[in-house]
Every structure is written in structure tokens, then in C-alpha cells.
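Asks: Just protein-v6.txt, nothing more (compact mmCIF, C-alpha atoms):
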```txt
# COMPACT_ATOMS: atom_id res chain seq x y z
CA MET A 1 0.00 0.00 0.00
CA ILE A 2 1.15 3.50 -0.84
CA PHE A 3 -0.88 5.79 1.40
CA THR A 4 -0.93 8.96 -0.64
CA ASP A 5 -3.80 11.33 0.11
CA GLU A 6 -5.51 10.27 -3.12
CA ASN A 7 -5.18 6.57 -2.32
CA ILE A 8 -6.33 7.05 1.27
CA GLU A 9 -9.64 8.46 0.06
CA LYS A 10 -10.02 5.66 -2.49
CA ILE A 11 -9.30 2.95 0.08
CA PHE A 12 -11.29 4.21 3.06
CA GLY A 13 -13.89 6.35 1.31
CA ALA A 14 -14.61 10.05 1.70
CA GLU A 15 -15.34 11.39 5.17
CA ASP A 16 -18.53 13.03 3.87
CA ALA A 17 -20.88 11.44 1.37
CA GLU A 18 -21.49 14.70 -0.50
CA ASN A 19 -17.94 14.54 -1.89
CA GLU A 20 -17.90 10.81 -2.60
CA GLU A 21 -17.85 9.59 -6.19
CA ARG A 22 -21.18 7.91 -7.00
CA GLY A 23 -19.69 4.65 -8.25
CA ARG A 24 -17.45 4.25 -5.21
CA LEU A 25 -20.33 4.95 -2.82
CA LYS A 26 -22.38 2.23 -4.51
CA GLU A 27 -19.49 -0.22 -4.13
CA TYR A 28 -19.13 0.04 -0.39
CA PHE A 29 -22.54 1.26 0.78
CA PHE A 30 -23.95 -0.77 3.67
CA ARG A 31 -27.74 -1.11 3.67
CA ASN A 32 -29.09 -1.05 7.18
CA LYS A 33 -32.68 -1.01 8.45
CA ALA A 34 -32.74 2.79 8.58
CA PHE A 35 -32.05 2.90 4.84
CA GLU A 36 -34.96 0.61 4.07
CA SER A 37 -37.22 2.70 6.29
CA LEU A 38 -36.04 5.89 4.58
CA LYS A 39 -36.97 4.46 1.18
CA ALA A 40 -40.47 3.45 2.29
CA ASN A 41 -43.27 4.52 -0.05
CA LEU A 42 -44.53 7.24 2.27
CA SER A 43 -44.96 10.95 1.73
CA LEU A 44 -42.68 12.04 4.59
CA ARG A 45 -39.57 10.54 6.15
CA VAL A 46 -37.37 12.45 8.62
CA LEU A 47 -33.96 10.85 9.14
CA VAL A 48 -32.63 11.78 12.58
CA GLY A 49 -29.12 11.02 13.79
CA HIS A 50 -26.04 12.48 15.42
CA GLN A 51 -23.40 14.28 13.38
CA GLY A 52 -21.12 11.87 11.54
CA VAL A 53 -23.44 8.85 11.46
CA GLY A 54 -23.97 8.98 7.69
CA LYS A 55 -27.29 10.76 7.14
CA SER A 56 -26.05 12.37 3.93
CA ALA A 57 -24.76 9.01 2.68
CA LEU A 58 -28.20 7.44 3.05
CA LEU A 59 -29.91 10.32 1.27
CA LYS A 60 -27.37 10.33 -1.54
CA MET A 61 -27.60 6.57 -2.05
CA ALA A 62 -31.40 6.70 -2.06
CA GLY A 63 -31.19 9.42 -4.73
CA ILE A 64 -28.80 7.29 -6.80
CA GLU A 65 -31.19 4.34 -6.68
CA ASP A 66 -34.05 6.65 -7.71
CA ASP A 67 -32.01 7.77 -10.73
CA GLU A 68 -31.38 4.17 -11.71
CA SER A 69 -35.11 3.42 -11.34
CA LYS A 70 -35.96 6.45 -13.53
CA ILE A 71 -37.65 8.27 -10.66
CA VAL A 72 -37.33 12.05 -10.58
CA ALA A 73 -35.20 12.90 -7.53
CA ILE A 74 -34.05 16.37 -6.55
CA PHE A 75 -31.93 17.69 -3.67
CA VAL A 76 -32.80 20.85 -1.77
CA LYS A 77 -29.83 22.46 -0.01
CA PRO A 78 -29.55 25.34 2.48
CA ASN A 79 -28.79 27.90 -0.23
CA ASP A 80 -32.02 26.98 -2.01
CA VAL A 81 -34.18 27.93 0.97
CA ARG A 82 -32.12 30.85 2.23
CA GLY A 83 -34.63 33.37 0.89
CA ILE A 84 -37.44 31.74 2.87
CA TRP A 85 -35.31 31.15 5.96
CA ASP A 86 -34.36 34.84 6.16
CA THR A 87 -38.03 35.90 6.17
CA GLN A 88 -38.93 37.97 9.23
CA GLU A 89 -42.48 36.84 9.97
CA SER A 90 -43.93 36.89 13.48
CA ASN A 91 -47.13 35.04 12.65
CA LEU A 92 -46.46 31.29 12.50
CA ASN A 93 -49.35 30.55 10.15
CA GLU A 94 -48.15 33.19 7.72
CA LEU A 95 -44.64 31.77 7.92
CA ILE A 96 -45.97 28.29 7.16
CA GLU A 97 -47.75 29.64 4.07
CA LYS A 98 -44.55 31.31 2.88
CA TRP A 99 -42.71 28.02 3.28
CA LYS A 100 -45.39 26.21 1.27
CA ILE A 101 -45.19 28.62 -1.63
CA GLY A 102 -41.40 28.84 -1.48
CA LEU A 103 -40.91 25.07 -1.41
CA LEU A 104 -43.33 24.53 -4.28
CA ARG A 105 -41.48 27.05 -6.43
CA ILE A 106 -38.08 25.55 -5.57
CA ILE A 107 -39.28 22.02 -6.31
CA GLN A 108 -40.91 23.04 -9.57
CA GLY A 109 -37.75 24.76 -10.78
CA LYS A 110 -35.49 21.86 -9.82
CA VAL A 111 -37.79 19.22 -11.33
CA ILE A 112 -38.05 21.09 -14.62
CA GLU A 113 -34.27 21.45 -14.68
CA ARG A 114 -33.85 17.75 -13.82
CA LEU A 115 -36.08 16.84 -16.75
CA GLY A 116 -33.84 18.78 -19.09
CA VAL A 117 -36.37 21.48 -19.96
CA LYS A 118 -34.91 24.95 -20.42
CA GLU A 119 -37.10 27.27 -18.41
CA ASP A 120 -37.67 30.70 -19.93
CA GLY A 121 -39.84 32.03 -17.11
CA SER A 122 -43.13 31.70 -18.95
CA SER A 123 -44.25 28.84 -16.72
CA GLY A 124 -42.90 30.22 -13.47
CA THR A 125 -46.32 30.78 -11.91
CA LEU A 126 -47.82 27.84 -10.04
CA PHE A 127 -51.36 26.86 -10.86
CA SER A 128 -52.22 26.60 -7.17
CA LYS A 129 -50.64 26.47 -3.74
CA SER A 130 -50.70 22.67 -3.60
CA ILE A 131 -48.96 19.51 -4.69
CA SER A 132 -51.58 18.93 -7.39
CA GLY A 133 -50.84 22.41 -8.73
CA LEU A 134 -47.13 21.62 -8.76
CA LEU A 135 -47.67 18.40 -10.71
CA GLU A 136 -49.96 20.18 -13.16
CA ALA A 137 -47.39 22.93 -13.71
CA VAL A 138 -44.58 20.44 -14.37
CA SER A 139 -46.75 18.40 -16.74
CA SER A 140 -47.69 21.56 -18.64
CA VAL A 141 -44.05 22.52 -19.12
CA ILE A 142 -43.18 19.02 -20.33
CA LYS A 143 -46.08 19.07 -22.77
CA ASP A 144 -45.04 22.44 -24.19
CA LYS A 145 -41.25 21.97 -24.35
CA GLY A 146 -40.39 18.33 -23.70
CA GLY A 147 -40.52 17.38 -27.37
CA ALA A 148 -37.31 19.24 -28.10
CA ILE A 149 -35.22 17.03 -25.77
CA VAL A 150 -32.94 14.57 -27.57
CA ASP A 151 -31.08 13.02 -24.63
CA ALA A 152 -32.24 9.39 -24.33
CA THR A 153 -31.69 9.21 -20.55
CA VAL A 154 -33.69 12.36 -19.92
CA ASN A 155 -36.45 11.18 -22.24
CA ALA A 156 -36.66 7.92 -20.27
CA LEU A 157 -36.95 9.97 -17.07
CA ILE A 158 -39.70 12.11 -18.61
CA SER A 159 -41.59 9.01 -19.76
CA SER A 160 -41.37 7.56 -16.26
CA TYR A 161 -42.59 10.81 -14.72
CA ILE A 162 -45.53 11.02 -17.13
CA SER A 163 -46.41 7.44 -16.19
CA THR A 164 -46.07 7.71 -12.42
CA GLY A 165 -46.03 11.43 -11.58
CA THR A 166 -43.65 10.61 -8.71
CA ILE A 167 -41.12 13.12 -7.36
CA LYS A 168 -38.65 12.46 -4.52
CA VAL A 169 -37.46 15.56 -2.65
CA TYR A 170 -34.32 15.12 -0.54
CA MET A 171 -33.54 17.88 1.95
CA ASP A 172 -30.11 17.75 3.57
CA ASP A 173 -27.89 20.03 5.67
CA LEU A 174 -30.80 22.33 6.53
CA ASP A 175 -29.41 22.58 10.07
CA ARG A 176 -26.06 23.88 8.77
CA GLY A 177 -25.12 26.94 10.79
CA TRP A 178 -27.76 26.04 13.37
CA GLU A 179 -27.51 28.31 16.41
CA ALA A 180 -30.70 27.25 18.20
CA ARG A 181 -32.05 30.79 18.03
CA PRO A 182 -35.82 31.28 18.38
CA SER A 183 -35.93 32.27 14.69
CA ASP A 184 -34.12 29.02 13.73
CA ILE A 185 -36.61 26.94 15.69
CA ARG A 186 -39.61 28.82 14.24
CA ASN A 187 -38.36 28.43 10.69
CA LEU A 188 -37.67 24.73 11.00
CA SER A 189 -41.00 24.19 12.70
CA ALA A 190 -42.78 26.18 9.98
CA MET A 191 -40.98 24.20 7.28
CA LEU A 192 -42.01 20.83 8.76
CA ASN A 193 -45.58 22.00 9.22
CA ALA A 194 -45.66 23.28 5.64
CA ILE A 195 -44.38 19.95 4.32
CA ARG A 196 -46.88 18.02 6.44
CA ASP A 197 -49.72 20.19 5.07
CA LEU A 198 -48.49 19.75 1.50
CA CYS A 199 -48.12 15.99 1.81
CA GLY A 200 -51.59 15.22 3.11
CA ASP A 201 -52.53 11.70 2.10
CA GLN A 202 -50.89 11.80 -1.34
CA LYS A 203 -47.71 9.87 -2.18
CA LYS A 204 -46.81 11.47 -5.51
CA VAL A 205 -44.33 13.93 -4.00
CA GLN A 206 -42.30 12.39 -1.20
CA PHE A 207 -40.06 14.35 1.16
CA LYS A 208 -36.95 12.77 2.71
CA ILE A 209 -35.36 15.09 5.27
CA ALA A 210 -32.19 14.71 7.36
CA LEU A 211 -31.85 16.40 10.76
CA ARG A 212 -29.30 16.19 13.55
CA THR A 213 -30.53 14.60 16.75
CA ASP A 214 -29.90 17.70 18.87
CA VAL A 215 -31.82 19.86 16.40
CA TYR A 216 -34.80 17.53 16.36
CA ARG A 217 -34.86 17.22 20.16
CA LEU A 218 -34.88 20.99 20.60
CA LEU A 219 -37.56 21.33 17.97
CA ARG A 220 -39.59 18.57 19.59
CA THR A 221 -39.52 20.24 23.02
CA SER A 222 -40.15 23.74 21.65
CA ASP A 223 -43.07 22.99 19.35
CA GLU A 224 -45.74 20.57 20.49
CA SER A 225 -47.13 20.32 16.96
CA THR A 226 -44.12 18.21 15.97
CA ASP A 227 -45.71 15.20 17.69
CA LYS A 228 -47.80 14.90 14.50
CA ILE A 229 -44.71 13.90 12.50
CA GLU A 230 -43.30 11.55 15.11
CA ARG A 231 -44.49 8.49 13.20
CA ASN A 232 -42.41 9.70 10.24
CA ILE A 233 -39.14 9.77 12.20
CA VAL A 234 -36.42 7.35 11.08
CA PRO A 235 -33.69 7.10 13.76
CA LEU A 236 -30.24 6.39 12.36
CA LYS A 237 -28.13 4.48 14.84
CA TRP A 238 -25.14 2.19 14.40
CA ASP A 239 -23.65 -0.49 16.58
CA ASN A 240 -19.94 -1.31 16.52
CA HIS A 241 -20.51 -4.53 14.59
CA GLU A 242 -22.12 -2.63 11.70
CA ILE A 243 -19.38 0.01 11.73
CA LEU A 244 -16.70 -2.68 11.46
CA ILE A 245 -18.56 -4.24 8.52
CA LEU A 246 -18.80 -0.85 6.84
CA MET A 247 -15.05 -0.27 7.02
CA ALA A 248 -14.20 -3.84 6.04
CA LYS A 249 -16.40 -3.50 2.97
CA ARG A 250 -14.65 -0.28 1.95
CA VAL A 251 -11.23 -1.92 2.06
CA ALA A 252 -12.40 -5.16 0.44
CA THR A 253 -14.11 -3.44 -2.49
CA TYR A 254 -11.06 -1.25 -3.11
CA LEU A 255 -8.91 -4.38 -3.33
CA ASP A 256 -11.52 -6.15 -5.51
CA ASN A 257 -11.92 -8.85 -2.86
CA LYS A 258 -15.26 -10.61 -2.71
CA PHE A 259 -17.33 -9.38 0.22
CA PRO A 260 -19.99 -11.90 1.34
CA ASP A 261 -23.64 -10.90 1.73
CA ASN A 262 -24.06 -12.73 5.05
CA VAL A 263 -21.11 -11.08 6.78
CA GLU A 264 -23.46 -9.64 9.43
CA ASN A 265 -23.49 -13.08 11.05
CA TRP A 266 -19.70 -13.38 11.20
CA SER A 267 -17.58 -12.77 14.27
CA GLN A 268 -15.80 -9.43 14.51
CA LEU A 269 -12.45 -11.20 14.37
CA ASP A 270 -13.37 -12.78 11.02
CA ILE A 271 -14.75 -9.50 9.66
CA SER A 272 -11.56 -7.68 10.63
CA LYS A 273 -9.52 -10.01 8.39
CA PHE A 274 -10.65 -7.90 5.43
CA LEU A 275 -8.68 -5.04 7.05
CA PHE A 276 -5.40 -6.94 7.47
CA PRO A 277 -3.99 -5.88 4.06
CA VAL A 278 -3.88 -2.29 5.34
CA ILE A 279 -3.35 -2.57 9.11
CA ASP A 280 -1.58 -4.69 11.76
CA GLU A 281 -3.59 -7.70 12.90
CA ARG A 282 -2.82 -7.06 16.56
CA PHE A 283 -1.83 -4.14 18.76
CA HIS A 284 1.90 -4.58 19.43
CA HIS A 285 2.38 -2.55 22.57
CA VAL A 286 2.57 -3.06 26.33
CA GLY A 287 -0.33 -2.27 28.64
CA LYS A 288 -3.99 -3.16 28.78
CA TRP A 289 -4.23 -3.52 24.99
CA GLU A 290 -1.09 -5.63 24.64
CA ASN A 291 -1.46 -8.04 21.71
CA ALA A 292 -5.19 -7.35 21.51
CA PRO A 293 -6.98 -7.98 18.17
CA ILE A 294 -6.91 -4.78 16.17
CA HIS A 295 -10.69 -4.53 15.86
CA ARG A 296 -11.01 -4.32 19.66
CA ILE A 297 -8.79 -1.23 19.73
CA LEU A 298 -10.47 0.43 16.75
CA LEU A 299 -14.01 -0.07 18.05
CA SER A 300 -13.04 1.10 21.53
CA LEU A 301 -12.34 4.52 20.01
CA THR A 302 -15.56 5.01 18.06
CA ARG A 303 -18.68 6.63 19.45
CA ARG A 304 -20.98 4.52 17.31
CA ARG A 305 -20.24 6.92 14.48
CA PRO A 306 -18.79 5.58 11.22
CA ARG A 307 -16.92 8.84 10.68
CA ASP A 308 -14.87 8.23 13.84
CA LEU A 309 -13.45 5.00 12.42
CA VAL A 310 -12.85 6.62 9.03
CA LYS A 311 -10.86 9.38 10.74
CA ILE A 312 -8.78 6.84 12.67
CA PHE A 313 -7.83 5.10 9.42
CA TYR A 314 -7.14 8.41 7.69
CA GLY A 315 -4.81 9.47 10.51
CA GLY A 316 -3.10 6.09 10.73
CA ALA A 317 -2.58 5.95 6.95
CA LYS A 318 -1.07 9.45 6.89
CA GLU A 319 1.35 8.39 9.65
CA ALA A 320 2.17 5.20 7.75
CA TYR A 321 2.97 7.24 4.64
CA ARG A 322 5.16 9.62 6.64
CA ASN A 323 7.05 6.62 8.08
CA SER A 324 7.24 4.82 4.70
CA ASN A 325 5.16 1.91 6.01
CA GLN A 326 3.06 -0.18 3.64
CA LYS A 327 0.65 -1.03 6.44
CA ILE A 328 -0.77 0.99 9.31
CA THR A 329 1.35 -0.17 12.22
CA THR A 330 0.72 -0.01 15.95
CA GLN A 331 3.10 2.95 16.22
CA ASP A 332 1.20 4.76 13.42
CA LEU A 333 -2.02 4.28 15.37
CA ARG A 334 -0.44 5.43 18.64
CA ASN A 335 0.83 8.59 16.93
CA THR A 336 -2.68 9.18 15.61
CA PHE A 337 -4.27 8.67 19.03
```
Please express the file's structure as C-alpha cells.

Replies:
Amino acid sequence: MIFTDENIEKIFGAEDAENEERGRLKEYFFRNKAFESLKANLSLRVLVGHQGVGKSALLKMAGIEDDESKIVAIFVKPNDVRGIWDTQESNLNELIEKWKIGLLRIIQGKVIERLGVKEDGSSGTLFSKSISGLLEAVSSVIKDKGGAIVDATVNALISSYISTGTIKVYMDDLDRGWEARPSDIRNLSAMLNAIRDLCGDQKKVQFKIALRTDVYRLLRTSDESTDKIERNIVPLKWDNHEILILMAKRVATYLDNKFPDNVENWSQLDISKFLFPVIDERFHHVGKWENAPIHRILLSLTRRRPRDLVKIFYGGAKEAYRNSNQKITTQDLRNTF
């Protein structure tokens, strides 16, 4: 192993899913129960988890699978809603209405762009302040301008949309810059209420939202109306066994080694063997961890967050490169600690 910065990212994966190459993410992605719950055919899913547990990875992978299934999927980021978020509105009901209109306009614009239609502004007005109005507006634009599209992939996406009318809306990083101010809480509460009102009992437009645990807890205790979305909450939690599998799969797929489907039932010692090409098998040092299996040391230093283990490998690999080692040695790990 030559642990250059470029190779380190290829071997262990990016620390944040937003910057991961799609093909590589598909190779090593680990499907847990939270992912299946996120993908459920329901109008609203709110993925809640601590920072660094992989919320963005789940949303990105779900969007990739939507693309492959020819389902229209769009991503709404903080910059997209900044104009609504900055609104100074004291009346909560008025703020909810502004979020409804703002979200519908954002979604319409992104869907039309996703379908390859060049918007000239003539169809910028929604037919109504509702999901049905949104769908009608998008269909009208496709009918008027979709015939000029020559890209086969986009045409397949348009055909699928015409057939199903389904749109997946992924909202990530909305708590970026969160300061827990009263205005932050009001805006997030208004946004969730707006989405709940828009969703109703329809399943054509589905919202998949990611929130940090601390943000959701504060929102939950500050706004009693959030109990109405509690059934839509998808908690994202990892145990150490799953985190070890996740890292083993990253290394194995990089090395083109076959990674079994039933590895969840293996012992941690057997799973860790997929890591041995890049790290010492045991901890060669005196003390409580003397000669301990390497997975025991690694998992002792995670907080049930996959990113913690990724960072340990990143640090150890950088030390190995500095020391001209072709494996991450015990001394490399100790320097990282």
C-alpha cells in the first residue's frame, strides 16, 4: 500500500458522502434497516441522527437508486431555501404559508431542470398552492417543451414521470449553521408543518429530510405540533458490529476482494480479516491492549459513528505514509491517538 492522500480516500472512502464519487459509494454502501425505512413509499420521512453517522450518505444513495429506477429525484440544499429562511415573519401561520409557496417554487424549478427542460420564465407561476398544482405545472411545461429534448436518458426519465407522476425531494444540511435561536426553531417548525400540510394523504411527492438529533430534540420540546410527524421519524443508529462491517467492505471493495452478503453473522475477528492488508492484525504494545486484536482497539475509540473510524484510518494511513510503512502499524495508530 502507498498511502498517498488520493489513495487514502479511495481505500477508506470520503469522510462526507457529498464529496464521494457515486460509483465508489455504490461499491461500499452498507444497507441497514434505517435505509430501508427511509426508502419506504410514504410521503414524509425524517432521518434523525447524530453528526457523523452517515445521514447524507443514506440520502445520496437513495437518490442514486431513484435515478437508476428512472424516478425524478431532486436535492434541496440550504442555499435553495435561504430566501425563505431569512423571512422575518412573526405570525407562525403566515410563515408556514410562505414556506409552502417557497418550497413549491423551488421544487418546480429543480424538477423542470432535472427533466432537461430549459425554463424561460413563462411557466414560473404555479397553478395553485398545492402539490396537485405543482404536478400540473410540471406536466404543462413538459407538454409544451419536452418534445425538443434529444437526450435518451432524460427522455426515459420524462416518460417515467408522465407514467407515475412521482417526485422524490431530498432535503439535507438544513441545520447547517444552526444556532438554536428562536428564529431558527420557528423556521424549521414552519418548514415541517408546511411539508406536512403539502403531503396530506398523497404519495406522488415524497419528502426525505435529514436532521441532527440535537436539532430535532430541541424542535420537539419547543413545538408541540411536531408530535404529529413523530411516526415519520427514522432514527439512524449504528452499533460497533455494523461500523466494522462498513469499514471492512470499503477496504475489500477497493482491493476487488469478494465481500460476502451474510457477513453480518460473522464474528468481529473474522470480519476484521478484510482489514489486514492495510493494518496490523494485533496491537503490538505493552499495557492493557497488549497483543489485543486490532478490531477491539479500533471499536473502543468510536462513538458509534462511522466517521470516527474513518478518521482513525485516515490518521493512521497518513502516519504510515510519513514513516514509509506499507501497512498501518501499531506505532502509526499510537501517533494518531

Asks: Counting all atoms listed in the file, I want the residues whose atoms come within 12 Å of (-25.7, -9.7, 6.2) in the file frame, returned as a PyMOL selection string.

Replies: chain A and resi 30-33+241-242+245-246+249+259-267+271

Asks: Under the rule that all atoms listed in the file are counted, which of A:Ser130, A:Gln51, A:Thr330, A:Thr213 is the nearest residue to Ala292 of chain A?

Replies: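 Closest candidate: A:Thr330.
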
Asks: What is the distance between atom CA of Met61 of chain A and atom CA of Thr302 of chain A, in Å to one decimal?

Replies: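 Taking atom CA of Met61 of chain A and atom CA of Thr302 of chain A, their separation equals 23.5 Å.
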
Asks: Find the residue from A:Gly316, A:Ile162, A:Ile209, A:Val138 that sits nearest to Ala62 of chain A; use all atoms listed in the file when measuring.

Replies: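 Once distances to Ala62 of chain A are computed over all atoms listed in the file, the minimum belongs to A:Ile209.
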
Asks: Taking 3 positions as the minimum chain separation for residues in the same chain, which residues sit within 12 Å of Arg82 of chain A when counting only C-alpha atoms? Answer as a list in words.

Replies: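 Using only C-alpha atoms, the neighbours found are Val76, Lys77, Pro78, Asn79, Trp85, Asp86, Thr87, Trp99, Gly102, Leu103, Ile106, Leu174, Asp175, Arg176, Gly177, Asp184 and Asn187 of chain A.
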
Asks: Please report the interatomic distance between atom CA of Tyr314 of chain A and atom CA of Gly49 of chain A in Å with one decimal.

Replies: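 Spanning atom CA of Tyr314 of chain A to atom CA of Gly49 of chain A is a straight-line distance of 23.0 Å.
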
Asks: Under the rule that all atoms listed in the file are counted, which of A:Leu134, A:Ile229, A:Ala57, A:Leu92 is the nearest residue to Ala14 of chain A?

Replies: A:Ala57

Asks: With all atoms listed in the file as the basis for distance, which of A:Ile243, A:Ile71, A:Met1, A:Ala152 is at the shortest distance from His295 of chain A?

Replies: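 Selected residue with least distance to His295 of chain A: A:Ile243.
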
Asks: Mind giving me the straight-line distance from atom CA of Val154 of chain A to atom CA of Glu136 of chain A in Å, one decimal?

Replies: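 That distance, rounded to one decimal, is 19.3 Å.
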
Asks: Within 12 Å of Leu42 of chain A, counting only C-alpha atoms, which residues qualify if same-chain residues fewer than 6 places away don't, as a PyMOL selection string?

Replies: chain A and resi 36+166-169+196+199-208+231-234

Asks: Under the rule that all atoms listed in the file are counted, which of A:Ser324, A:Ser300, A:Gln268, A:Ser132 is the nearest residue to Leu198 of chain A?

Replies: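 The closest residue to Leu198 of chain A is A:Ser132.
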